[in-house]
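Dumped entry-v8.txt below, it's compact mmCIF, C-alpha atoms:
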```
# COMPACT_ATOMS: atom_id res chain seq x y z
CA MET A 283 -77.69 5.33 26.50
CA THR A 284 -74.85 5.31 24.00
CA THR A 285 -75.48 3.96 20.51
CA GLN A 286 -71.91 2.68 20.24
CA THR A 287 -71.63 -1.09 20.72
CA MET A 288 -69.42 -1.91 23.70
CA SER A 289 -67.35 -4.96 24.52
CA VAL A 290 -68.59 -7.26 27.28
CA ALA A 291 -65.90 -6.01 29.68
CA GLU A 292 -66.36 -2.31 28.84
CA ARG A 293 -70.11 -2.60 29.35
CA PHE A 294 -69.76 -4.24 32.75
CA ARG A 295 -67.21 -1.80 34.10
CA CYS A 296 -69.16 1.24 32.91
CA ALA A 297 -72.42 -0.10 34.34
CA LEU A 298 -70.74 -0.80 37.66
CA ARG A 299 -69.67 2.83 38.07
CA GLY A 300 -72.90 4.29 36.70
CA ALA A 301 -71.41 5.47 33.39
CA GLU A 302 -73.19 5.46 30.04
CA VAL A 303 -73.62 2.03 28.40
CA ASP A 304 -75.15 0.68 25.19
CA ARG A 305 -77.21 -1.70 27.36
CA LEU A 306 -76.86 -3.27 30.77
CA PRO A 307 -74.88 -6.51 31.08
CA VAL A 308 -76.89 -9.71 30.67
CA MET A 309 -74.96 -12.00 32.96
CA GLU A 310 -75.19 -14.88 35.38
CA TRP A 311 -72.47 -14.27 37.92
CA ALA A 312 -73.18 -17.50 39.86
CA THR A 313 -73.19 -20.68 37.83
CA TRP A 314 -76.09 -23.07 38.25
CA TRP A 315 -76.66 -25.92 40.65
CA ASP A 316 -75.39 -29.26 39.35
CA GLN A 317 -78.96 -30.56 39.68
CA THR A 318 -80.21 -27.67 37.55
CA ILE A 319 -77.80 -28.50 34.75
CA LEU A 320 -78.74 -32.19 34.94
CA ARG A 321 -82.38 -31.24 34.56
CA TRP A 322 -81.62 -29.02 31.59
CA HIS A 323 -79.65 -31.84 29.95
CA SER A 324 -82.80 -33.95 30.15
CA GLU A 325 -84.70 -31.07 28.52
CA GLY A 326 -82.40 -30.66 25.54
CA LEU A 327 -79.36 -28.67 26.67
CA SER A 328 -76.21 -30.19 25.17
CA PRO A 329 -74.18 -32.05 27.81
CA THR A 330 -70.97 -31.15 25.93
CA LEU A 331 -71.20 -27.46 26.86
CA ASP A 332 -69.06 -25.99 29.63
CA HIS A 333 -70.33 -23.03 31.66
CA ALA A 334 -69.17 -20.49 29.06
CA GLY A 335 -70.78 -22.56 26.33
CA ILE A 336 -74.05 -22.68 28.24
CA LYS A 337 -74.02 -18.91 28.57
CA ARG A 338 -73.44 -18.46 24.84
CA ALA A 339 -76.18 -20.96 24.01
CA LEU A 340 -78.68 -19.20 26.28
CA GLY A 341 -77.88 -15.66 25.13
CA LEU A 342 -75.98 -14.47 28.20
CA ASP A 343 -72.84 -12.37 28.23
CA VAL A 344 -69.83 -14.62 28.82
CA ASP A 345 -67.69 -14.22 31.92
CA HIS A 346 -64.74 -16.27 33.12
CA GLN A 347 -64.12 -16.64 36.85
CA LEU A 348 -60.86 -17.82 38.40
CA TRP A 349 -61.33 -18.68 42.07
CA CYS A 350 -57.94 -18.59 43.77
CA ARG A 351 -58.45 -21.64 45.96
CA GLN A 352 -55.71 -22.85 48.23
CA VAL A 353 -56.71 -25.91 50.28
CA PRO A 354 -54.91 -29.09 49.15
CA ALA A 355 -57.29 -31.89 48.26
CA ASP A 356 -56.16 -34.11 51.12
CA LEU A 357 -56.95 -31.37 53.66
CA VAL A 358 -60.53 -30.77 52.50
CA PRO A 359 -62.78 -31.96 55.38
CA ALA A 360 -65.23 -34.76 54.70
CA GLN A 361 -68.10 -32.87 56.32
CA HIS A 362 -69.29 -29.44 55.18
CA GLY A 363 -68.57 -26.82 57.83
CA ALA A 364 -65.89 -28.86 59.58
CA GLY A 365 -62.48 -27.32 60.12
CA ILE A 366 -58.97 -28.04 58.89
CA ILE A 367 -57.17 -26.79 61.99
CA ALA A 368 -58.01 -26.69 65.69
CA ASP A 369 -55.58 -24.17 67.14
CA ALA A 370 -52.40 -22.15 66.58
CA ALA A 371 -50.12 -25.19 66.82
CA ASP A 372 -52.19 -27.04 64.24
CA TYR A 373 -52.12 -23.98 61.98
CA ALA A 374 -48.34 -23.71 62.27
CA ALA A 375 -47.98 -27.35 61.26
CA LYS A 376 -50.15 -26.96 58.12
CA ARG A 377 -49.40 -23.36 57.23
CA GLY A 378 -46.75 -24.16 54.63
CA ARG A 379 -49.25 -26.23 52.64
CA LEU A 380 -51.97 -23.56 52.71
CA TYR A 381 -49.98 -20.67 51.19
CA ARG A 382 -47.59 -20.39 48.28
CA HIS A 383 -46.43 -16.80 48.56
CA ASP A 384 -43.59 -17.27 46.08
CA SER A 385 -45.61 -18.34 43.01
CA PRO A 386 -49.18 -19.35 43.75
CA LEU A 387 -50.37 -18.97 40.17
CA ILE A 388 -47.33 -19.93 38.11
CA LYS A 389 -47.14 -23.31 39.88
CA ASP A 390 -50.70 -24.04 38.72
CA ALA A 391 -50.40 -24.72 35.01
CA ASP A 392 -54.13 -25.30 34.57
CA ALA A 393 -54.94 -21.93 36.15
CA VAL A 394 -52.39 -20.17 33.94
CA ALA A 395 -53.83 -21.74 30.80
CA GLN A 396 -57.39 -20.96 31.89
CA TRP A 397 -56.56 -17.32 32.55
CA ARG A 398 -54.68 -16.86 29.28
CA LEU A 399 -57.65 -18.17 27.29
CA ALA A 400 -60.05 -15.97 29.25
CA CYS A 401 -57.94 -12.87 28.63
CA ALA A 402 -57.71 -13.66 24.92
CA GLU A 403 -61.49 -13.86 24.66
CA ARG A 404 -61.78 -10.62 26.62
CA ALA A 405 -59.33 -8.95 24.22
CA ALA A 406 -61.63 -9.95 21.38
CA GLY A 407 -64.47 -8.14 23.14
CA GLN A 408 -66.40 -11.33 23.83
CA ALA A 409 -65.92 -11.97 27.55
CA LEU A 410 -65.44 -10.59 31.03
CA CYS A 411 -62.68 -11.87 33.33
CA TRP A 412 -62.82 -11.86 37.12
CA LEU A 413 -61.10 -13.28 40.19
CA THR A 414 -62.46 -14.50 43.50
CA PHE A 415 -60.44 -14.62 46.71
CA ASP A 416 -61.35 -16.12 50.07
CA GLY A 417 -61.90 -13.11 52.34
CA PHE A 418 -60.98 -12.39 55.92
CA PHE A 419 -64.21 -13.80 57.34
CA TRP A 420 -64.53 -16.72 54.91
CA TRP A 421 -60.93 -18.00 55.01
CA PRO A 422 -60.60 -18.33 58.82
CA ARG A 423 -63.99 -20.10 58.79
CA VAL A 424 -62.69 -22.55 56.17
CA LEU A 425 -59.72 -23.30 58.38
CA LEU A 426 -61.42 -23.47 61.78
CA GLY A 427 -64.91 -24.66 60.87
CA ILE A 428 -68.15 -22.72 61.20
CA GLU A 429 -68.80 -22.87 64.94
CA PRO A 430 -65.17 -22.74 66.19
CA HIS A 431 -64.56 -19.73 63.94
CA LEU A 432 -67.25 -17.72 65.69
CA TYR A 433 -65.84 -18.64 69.11
CA ALA A 434 -62.36 -17.69 67.89
CA PHE A 435 -63.23 -13.97 67.93
CA SER A 436 -63.10 -14.31 71.71
CA ASP A 437 -60.93 -17.39 72.27
CA GLN A 438 -58.24 -17.27 69.55
CA ALA A 439 -57.90 -13.63 68.53
CA ASP A 440 -54.17 -13.85 67.86
CA LEU A 441 -54.69 -16.83 65.56
CA LEU A 442 -57.33 -14.93 63.54
CA HIS A 443 -54.91 -12.04 63.05
CA GLN A 444 -52.13 -14.42 61.98
CA ILE A 445 -54.42 -16.11 59.45
CA CYS A 446 -55.55 -12.80 57.97
CA ASP A 447 -51.99 -11.47 57.80
CA ASP A 448 -50.92 -14.57 55.88
CA GLN A 449 -53.96 -14.32 53.62
CA CYS A 450 -53.11 -10.71 52.77
CA ARG A 451 -49.68 -11.72 51.51
CA HIS A 452 -51.12 -14.67 49.63
CA ILE A 453 -53.68 -12.49 47.82
CA ALA A 454 -51.02 -9.92 46.94
CA ALA A 455 -48.87 -12.63 45.36
CA TRP A 456 -51.80 -14.01 43.36
CA LEU A 457 -52.78 -10.57 42.14
CA GLU A 458 -49.30 -9.67 40.94
CA GLN A 459 -48.93 -12.87 38.94
CA VAL A 460 -52.42 -12.77 37.48
CA CYS A 461 -51.96 -9.17 36.37
CA ALA A 462 -48.68 -10.12 34.66
CA ILE A 463 -50.87 -12.15 32.27
CA GLY A 464 -53.90 -9.85 32.26
CA ALA A 465 -55.66 -7.76 34.90
CA PRO A 466 -59.18 -8.88 35.87
CA ASP A 467 -62.17 -6.69 35.08
CA PHE A 468 -63.37 -7.03 38.65
CA VAL A 469 -62.71 -9.04 41.81
CA THR A 470 -64.96 -10.56 44.43
CA PHE A 471 -64.08 -11.45 47.99
CA ALA A 472 -66.04 -14.50 49.11
CA GLU A 473 -67.26 -13.71 52.62
CA ASP A 474 -70.87 -14.84 53.30
CA MET A 475 -70.88 -13.03 56.63
CA SER A 476 -74.55 -12.09 56.74
CA TYR A 477 -77.68 -14.17 57.09
CA ASN A 478 -81.37 -13.26 57.04
CA LEU A 479 -81.10 -11.08 60.16
CA GLY A 480 -77.93 -9.26 59.18
CA PRO A 481 -74.17 -9.66 59.87
CA MET A 482 -72.88 -12.63 61.83
CA LEU A 483 -70.41 -10.40 63.65
CA SER A 484 -70.58 -7.04 65.39
CA LYS A 485 -69.25 -3.78 64.00
CA ARG A 486 -66.53 -3.86 66.67
CA GLN A 487 -65.46 -7.33 65.56
CA PHE A 488 -65.53 -6.22 61.92
CA ASP A 489 -63.36 -3.19 62.71
CA THR A 490 -60.93 -5.25 64.78
CA PHE A 491 -60.53 -8.45 62.78
CA LEU A 492 -61.44 -7.64 59.16
CA ALA A 493 -61.15 -3.92 58.45
CA PRO A 494 -57.35 -3.67 58.95
CA TYR A 495 -56.75 -6.34 56.33
CA TYR A 496 -59.24 -4.91 53.84
CA ARG A 497 -57.57 -1.53 54.20
CA ARG A 498 -54.23 -3.17 53.58
CA ILE A 499 -55.17 -5.24 50.52
CA LEU A 500 -57.87 -3.24 48.69
CA PRO A 501 -55.48 -0.39 47.70
CA LEU A 502 -53.57 -2.93 45.59
CA PHE A 503 -56.69 -3.33 43.46
CA GLN A 504 -57.52 0.38 43.51
CA GLN A 505 -54.03 1.23 42.21
CA ARG A 506 -54.75 -0.95 39.18
CA GLY A 507 -58.26 0.41 38.66
CA ILE A 508 -59.88 -2.95 39.47
CA PRO A 509 -63.31 -2.70 41.15
CA VAL A 510 -63.83 -5.02 44.12
CA LEU A 511 -67.17 -6.43 45.24
CA CYS A 512 -67.97 -8.34 48.41
CA ASP A 513 -69.91 -11.58 47.94
CA SER A 514 -72.10 -12.03 51.00
CA ASP A 515 -75.38 -13.85 51.15
CA GLY A 516 -78.14 -12.73 53.50
CA ASP A 517 -79.29 -9.25 54.47
CA VAL A 518 -76.47 -6.82 53.63
CA ALA A 519 -78.27 -3.58 54.53
CA MET A 520 -76.03 -2.94 57.55
CA LEU A 521 -72.96 -4.59 56.06
CA ALA A 522 -72.93 -2.41 52.92
CA SER A 523 -71.90 0.71 54.81
CA TRP A 524 -69.15 -1.19 56.66
CA LEU A 525 -67.78 -2.44 53.35
CA SER A 526 -67.88 1.03 51.83
CA GLU A 527 -65.88 2.43 54.75
CA VAL A 528 -62.95 0.08 54.06
CA GLY A 529 -62.84 0.60 50.29
CA PHE A 530 -65.15 -1.91 48.61
CA ASP A 531 -66.88 -0.76 45.42
CA GLY A 532 -70.02 -2.86 45.79
CA VAL A 533 -71.76 -5.98 47.03
CA LEU A 534 -73.68 -8.96 45.66
CA PRO A 535 -76.01 -10.96 45.42
CA LEU A 536 -78.74 -9.11 47.43
CA GLU A 537 -80.91 -12.11 48.26
CA ARG A 538 -84.57 -11.16 48.13
CA GLN A 539 -85.64 -13.90 50.54
CA ALA A 540 -83.28 -12.43 53.14
CA GLY A 541 -85.10 -9.09 52.97
CA CYS A 542 -82.71 -7.12 50.76
CA ASP A 543 -84.31 -4.09 49.11
CA ILE A 544 -82.35 -2.45 46.29
CA ASN A 545 -84.20 0.84 46.65
CA ASN A 546 -83.14 1.25 50.29
CA LEU A 547 -79.65 0.01 49.55
CA GLN A 548 -79.18 2.57 46.79
CA ALA A 549 -80.65 5.38 48.86
CA ASN A 550 -78.33 4.65 51.78
CA ASN A 551 -75.23 3.91 49.66
CA PRO A 552 -75.46 6.16 46.57
CA SER A 553 -71.86 5.63 45.43
CA PHE A 554 -71.94 1.86 45.92
CA ALA A 555 -72.51 -0.72 43.17
CA PHE A 556 -74.91 -3.67 43.41
CA LEU A 557 -75.24 -6.89 41.44
CA GLY A 558 -77.97 -9.53 41.62
CA HIS A 559 -81.32 -9.17 43.44
CA PHE A 560 -83.61 -10.92 40.95
CA ASP A 561 -85.68 -13.22 43.17
CA LYS A 562 -84.85 -16.78 42.08
CA MET A 563 -88.01 -18.04 43.80
CA VAL A 564 -90.24 -16.53 41.09
CA MET A 565 -88.36 -18.04 38.16
CA ASN A 566 -90.67 -21.07 37.87
CA GLN A 567 -93.93 -19.10 38.29
CA GLY A 568 -94.51 -18.08 34.68
CA GLU A 569 -93.79 -15.13 32.44
CA GLN A 570 -96.09 -12.73 34.25
CA ALA A 571 -94.27 -13.31 37.53
CA LEU A 572 -90.94 -12.75 35.78
CA GLN A 573 -92.26 -9.51 34.29
CA CYS A 574 -93.45 -8.28 37.70
CA GLU A 575 -90.04 -8.96 39.21
CA PHE A 576 -88.28 -7.01 36.46
CA GLU A 577 -90.73 -4.15 36.95
CA ARG A 578 -89.74 -4.12 40.63
CA LEU A 579 -86.08 -3.80 39.62
CA ALA A 580 -86.55 -1.34 36.76
CA PRO A 581 -86.26 1.88 38.83
CA ALA A 582 -82.99 0.68 40.33
CA MET A 583 -81.71 -0.24 36.87
CA ALA A 584 -82.53 3.26 35.65
CA ARG A 585 -80.72 4.88 38.60
CA GLY A 586 -77.47 3.12 37.67
CA ARG A 587 -74.72 1.26 39.52
CA PHE A 588 -76.99 -1.78 39.54
CA ILE A 589 -76.67 -4.88 37.35
CA PRO A 590 -79.63 -7.26 37.65
CA SER A 591 -78.88 -10.97 37.90
CA VAL A 592 -80.27 -13.97 39.75
CA ASP A 593 -79.83 -13.43 43.50
CA HIS A 594 -77.93 -16.71 43.74
CA GLN A 595 -77.67 -19.93 41.78
CA THR A 596 -80.73 -20.85 39.74
CA PRO A 597 -82.44 -23.77 41.54
CA PRO A 598 -83.35 -27.08 39.87
CA SER A 599 -87.06 -26.23 40.13
CA VAL A 600 -86.53 -23.96 37.10
CA SER A 601 -86.95 -25.65 33.72
CA LEU A 602 -84.83 -24.83 30.68
CA THR A 603 -87.86 -23.21 29.04
CA GLN A 604 -88.51 -21.05 32.12
CA TYR A 605 -84.88 -20.01 32.25
CA ARG A 606 -84.96 -19.04 28.58
CA GLN A 607 -88.00 -16.87 29.36
CA TYR A 608 -86.04 -15.20 32.16
CA VAL A 609 -83.04 -14.50 29.90
CA GLY A 610 -85.29 -13.12 27.17
CA LEU A 611 -86.88 -10.63 29.55
CA LEU A 612 -83.50 -9.79 31.07
CA ARG A 613 -82.24 -8.88 27.60
CA ASP A 614 -85.33 -6.79 26.93
CA TYR A 615 -85.00 -4.82 30.15
CA ALA A 616 -81.22 -4.49 29.81
CA SER A 617 -81.67 -2.96 26.35
CA GLY A 618 -84.79 -0.90 26.92
CA MET A 619 -84.02 1.28 29.92
CA PRO A 620 -83.17 4.99 29.46
CA TYR A 621 -79.54 4.80 30.53
```

Whole structure given in structure tokens:
Amino acid sequence: MTTQTMSVAERFRCALRGAEVDRLPVMEWATWWDQTILRWHSEGLSPTLDHAGIKRALGLDVDHQLWCRQVPADLVPAQHGAGIIADAADYAAKRGRLYRHDSPLIKDADAVAQWRLACAERAAGQALCWLTFDGFFWWPRVLLGIEPHLYAFSDQADLLHQICDDQCRHIAAWLEQVCAIGAPDFVTFAEDMSYNLGPMLSKRQFDTFLAPYYRRILPLFQQRGIPVLCDSDGDVAMLASWLSEVGFDGVLPLERQAGCDINNLQANNPSFAFLGHFDKMVMNQGEQALQCEFERLAPAMARGRFIPSVDHQTPPSVSLTQYRQYVGLLRDYASGMPY
């Protein structure tokens, strides 16, 4: 462990690659359920605080996320999991409204202002800045809907390739314009392609429909020294090696209820980074349960390339007092390990 105090961004990036840090990051990568925040308001949390303000008030490191969303409001389906398009003809008709390759960021004044403020706080050493893109499993599912997307691997292969090709160019345009203001400290690709029994697609499907586009886009981040993590819920034990093959630097959130085990993940992927894995289901069970969960994670924290955080959004069953207990222990363990 270094005795030199690090900035929030320096600390995160060093911890992610297993380098020496003054302490581990104390972060909440996934913001809380709306119901959780409403509960905390009733328990004394100021309703005037935004997410960054909540993190400061609770003693967490501050991070600013910009999710590069692209579905116009009038195309968002009324029902979760429903699609926006049905087939190639439908996609062709709506394609021009789904991508803005020329200036996706600059045309969004709110996003520009948000990113400038985030980068200024990062420059002062007080924050971490990161981007999220819809990935090559997630984005076709958004367009087609959950069930039709899975059938499309067999029934509409050409359409899947067209969607991913367009998404590659869209991400490249976003990245160039964001970096003109300030490069992110890390990037996540939203994918959610695993569940509690593993990946939702086969290795052959992964290699055919996703890997070519990862291999095309991830070098753009690597050239800029930006680490890239895959955000996939569920059991990622098998998926982690697939992601490593195509150039990802790590994966999150390692859901405990899906059977993820950080010790096995680290043993099988020693150069990979991991974020998350604190079992959210113990957060309302008292301080002793919290302590036991941190003791479970402590060996992985000591090995490096692992940043502990809640393994998804904190549920509304967790009181503000219980969450403060969690953050207090997280700070203790982040500062007390022999890094």

How close does range 478-545 of chain A get to range 445-456 of chain A? List, as CSV, each residue of range 478-545 of chain A within 8 Å, its nearest atom pair and the distance in Å to one decimal, counting all atoms listed in the file.
```
residue,atom,partner,partner_atom,distance
A:Leu492,CA,A:Cys446,CA,7.9
A:Tyr495,CA,A:Cys450,CA,6.7
A:Arg498,CA,A:Cys450,CA,7.7
A:Ile499,CA,A:Cys450,CA,6.3
A:Leu502,CA,A:Ala454,CA,7.6
```

Can you pull out the residues contacting Ser328 in chain A? Cut-off 10 Å, using all atoms listed in the file, and skip same-chain residues under 5 positions away; I want them as number ranges by chain. A: 319, 322-323, 335-336, 339

For CA of Arg606 in chain A and CA of Gly558 in chain A, the interatomic separation in Å (one decimal):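 CA of Gly558 in chain A lies 17.6 Å from CA of Arg606 in chain A.
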
With a distance cut-off of 7 Å and all atoms listed in the file, select the neighbouring residues of Phe560 in chain A, excluding the residue or stretch itself and same-chain residues fewer than 5 positions from it, and output the selection as a short mmCIF file (atom, residue, chain, number, x, y, z; two decimals) with C-alpha atoms, keeping the file's coordinate frame.
```cif
data_model
loop_
_atom_site.label_atom_id
_atom_site.label_comp_id
_atom_site.auth_asym_id
_atom_site.auth_seq_id
_atom_site.Cartn_x
_atom_site.Cartn_y
_atom_site.Cartn_z
CA GLU A 575 -90.04 -8.96 39.21
CA PRO A 590 -79.63 -7.26 37.65
CA SER A 591 -78.88 -10.97 37.90
CA VAL A 592 -80.27 -13.97 39.75
CA ASP A 593 -79.83 -13.43 43.50
#
```

Mind giving me the straight-line distance from CA of Val609 in chain A to CA of Leu348 in chain A in Å, one decimal? 24.0 Å

Using only C-alpha atoms, which protein or nucleic acid residues come within 12 Å of Leu340 in chain A? Drop anything in the same chain fewer than 2 positions from it, and give the result as number ranges by chain. A: 308-310, 322, 327-328, 331, 333-338, 342-344, 602-610, 612-613

For CA of Ser523 in chain A and CA of Phe554 in chain A, quote the distance in Å rounded to one decimal.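 Answer for the CA of Ser523 in chain A to CA of Phe554 in chain A separation: 9.0 Å.
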
Within 12 Å of range 532-543 of chain A, which residues of range 496-524 of chain A show up? Give each one with its shortest atom-to-atom distance in Å (one decimal) and the two atoms involved, counting only C-alpha atoms, rows by chain then rising residue number, as JSON lines.
```
{"residue": "A:Ile508", "atom": "CA", "partner": "A:Gly532", "partner_atom": "CA", "distance": 11.9}
{"residue": "A:Pro509", "atom": "CA", "partner": "A:Gly532", "partner_atom": "CA", "distance": 8.2}
{"residue": "A:Val510", "atom": "CA", "partner": "A:Gly532", "partner_atom": "CA", "distance": 6.8}
{"residue": "A:Leu511", "atom": "CA", "partner": "A:Gly532", "partner_atom": "CA", "distance": 4.6}
{"residue": "A:Cys512", "atom": "CA", "partner": "A:Val533", "partner_atom": "CA", "distance": 4.7}
{"residue": "A:Asp513", "atom": "CA", "partner": "A:Leu534", "partner_atom": "CA", "distance": 5.1}
{"residue": "A:Ser514", "atom": "CA", "partner": "A:Leu534", "partner_atom": "CA", "distance": 6.4}
{"residue": "A:Asp515", "atom": "CA", "partner": "A:Pro535", "partner_atom": "CA", "distance": 6.4}
{"residue": "A:Gly516", "atom": "CA", "partner": "A:Ala540", "partner_atom": "CA", "distance": 5.2}
{"residue": "A:Asp517", "atom": "CA", "partner": "A:Ala540", "partner_atom": "CA", "distance": 5.3}
{"residue": "A:Val518", "atom": "CA", "partner": "A:Cys542", "partner_atom": "CA", "distance": 6.9}
{"residue": "A:Ala519", "atom": "CA", "partner": "A:Cys542", "partner_atom": "CA", "distance": 6.8}
{"residue": "A:Met520", "atom": "CA", "partner": "A:Cys542", "partner_atom": "CA", "distance": 10.4}
{"residue": "A:Leu521", "atom": "CA", "partner": "A:Val533", "partner_atom": "CA", "distance": 9.2}
{"residue": "A:Ala522", "atom": "CA", "partner": "A:Val533", "partner_atom": "CA", "distance": 7.0}
{"residue": "A:Ser523", "atom": "CA", "partner": "A:Gly532", "partner_atom": "CA", "distance": 9.9}
{"residue": "A:Trp524", "atom": "CA", "partner": "A:Gly532", "partner_atom": "CA", "distance": 11.0}
```

Write out as a PyMOL selection string each polymer residue whose atoms come within 10 Å of Ser553 in chain A, counting all atoms listed in the file; drop sequence neighbours fewer than 6 positions from it. chain A and resi 299-300+526+531-532+586-587

Go through A:Met583, A:Cys296, A:Ala360, A:Ala291 one by one, measure the shortest atom-to-atom distance of each to Gly407 in chain A using only C-alpha atoms, and give the residue with the smallest value. A:Ala291

Which residues are near range 595-600 of chain A? Cut-off 10 Å, all atoms listed in the file, ignore same chain within fewer than 6 positions. Put them as a list in words.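 Within the cut-off, the hits are Glu310, Trp311, Ala312, Thr313, Trp314, Trp315, Asp316, Gln317, Thr318, Ile319, Leu320, Arg321, Trp322, Pro535, Asp561, Lys562, Met563, Val564, Met565, Asn566, Gln567 and Arg606 of chain A.
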
Within 12 Å of (-67.6, -18.9, 61.8), all atoms listed in the file: residues as a PDB file with C-alpha atoms, in the coordinates of the input?
```
ATOM      1  CA  GLY A 363     -68.570 -26.820  57.830  1.00  0.00           C
ATOM      2  CA  ALA A 364     -65.890 -28.860  59.580  1.00  0.00           C
ATOM      3  CA  GLY A 365     -62.480 -27.320  60.120  1.00  0.00           C
ATOM      4  CA  PHE A 418     -60.980 -12.390  55.920  1.00  0.00           C
ATOM      5  CA  PHE A 419     -64.210 -13.800  57.340  1.00  0.00           C
ATOM      6  CA  TRP A 420     -64.530 -16.720  54.910  1.00  0.00           C
ATOM      7  CA  TRP A 421     -60.930 -18.000  55.010  1.00  0.00           C
ATOM      8  CA  PRO A 422     -60.600 -18.330  58.820  1.00  0.00           C
ATOM      9  CA  ARG A 423     -63.990 -20.100  58.790  1.00  0.00           C
ATOM     10  CA  VAL A 424     -62.690 -22.550  56.170  1.00  0.00           C
ATOM     11  CA  LEU A 425     -59.720 -23.300  58.380  1.00  0.00           C
ATOM     12  CA  LEU A 426     -61.420 -23.470  61.780  1.00  0.00           C
ATOM     13  CA  GLY A 427     -64.910 -24.660  60.870  1.00  0.00           C
ATOM     14  CA  ILE A 428     -68.150 -22.720  61.200  1.00  0.00           C
ATOM     15  CA  GLU A 429     -68.800 -22.870  64.940  1.00  0.00           C
ATOM     16  CA  PRO A 430     -65.170 -22.740  66.190  1.00  0.00           C
ATOM     17  CA  HIS A 431     -64.560 -19.730  63.940  1.00  0.00           C
ATOM     18  CA  LEU A 432     -67.250 -17.720  65.690  1.00  0.00           C
ATOM     19  CA  TYR A 433     -65.840 -18.640  69.110  1.00  0.00           C
ATOM     20  CA  ALA A 434     -62.360 -17.690  67.890  1.00  0.00           C
ATOM     21  CA  PHE A 435     -63.230 -13.970  67.930  1.00  0.00           C
ATOM     22  CA  SER A 436     -63.100 -14.310  71.710  1.00  0.00           C
ATOM     23  CA  LEU A 442     -57.330 -14.930  63.540  1.00  0.00           C
ATOM     24  CA  GLU A 473     -67.260 -13.710  52.620  1.00  0.00           C
ATOM     25  CA  ASP A 474     -70.870 -14.840  53.300  1.00  0.00           C
ATOM     26  CA  MET A 475     -70.880 -13.030  56.630  1.00  0.00           C
ATOM     27  CA  SER A 476     -74.550 -12.090  56.740  1.00  0.00           C
ATOM     28  CA  PRO A 481     -74.170  -9.660  59.870  1.00  0.00           C
ATOM     29  CA  MET A 482     -72.880 -12.630  61.830  1.00  0.00           C
ATOM     30  CA  LEU A 483     -70.410 -10.400  63.650  1.00  0.00           C
TER      31      LEU A 483
END
```
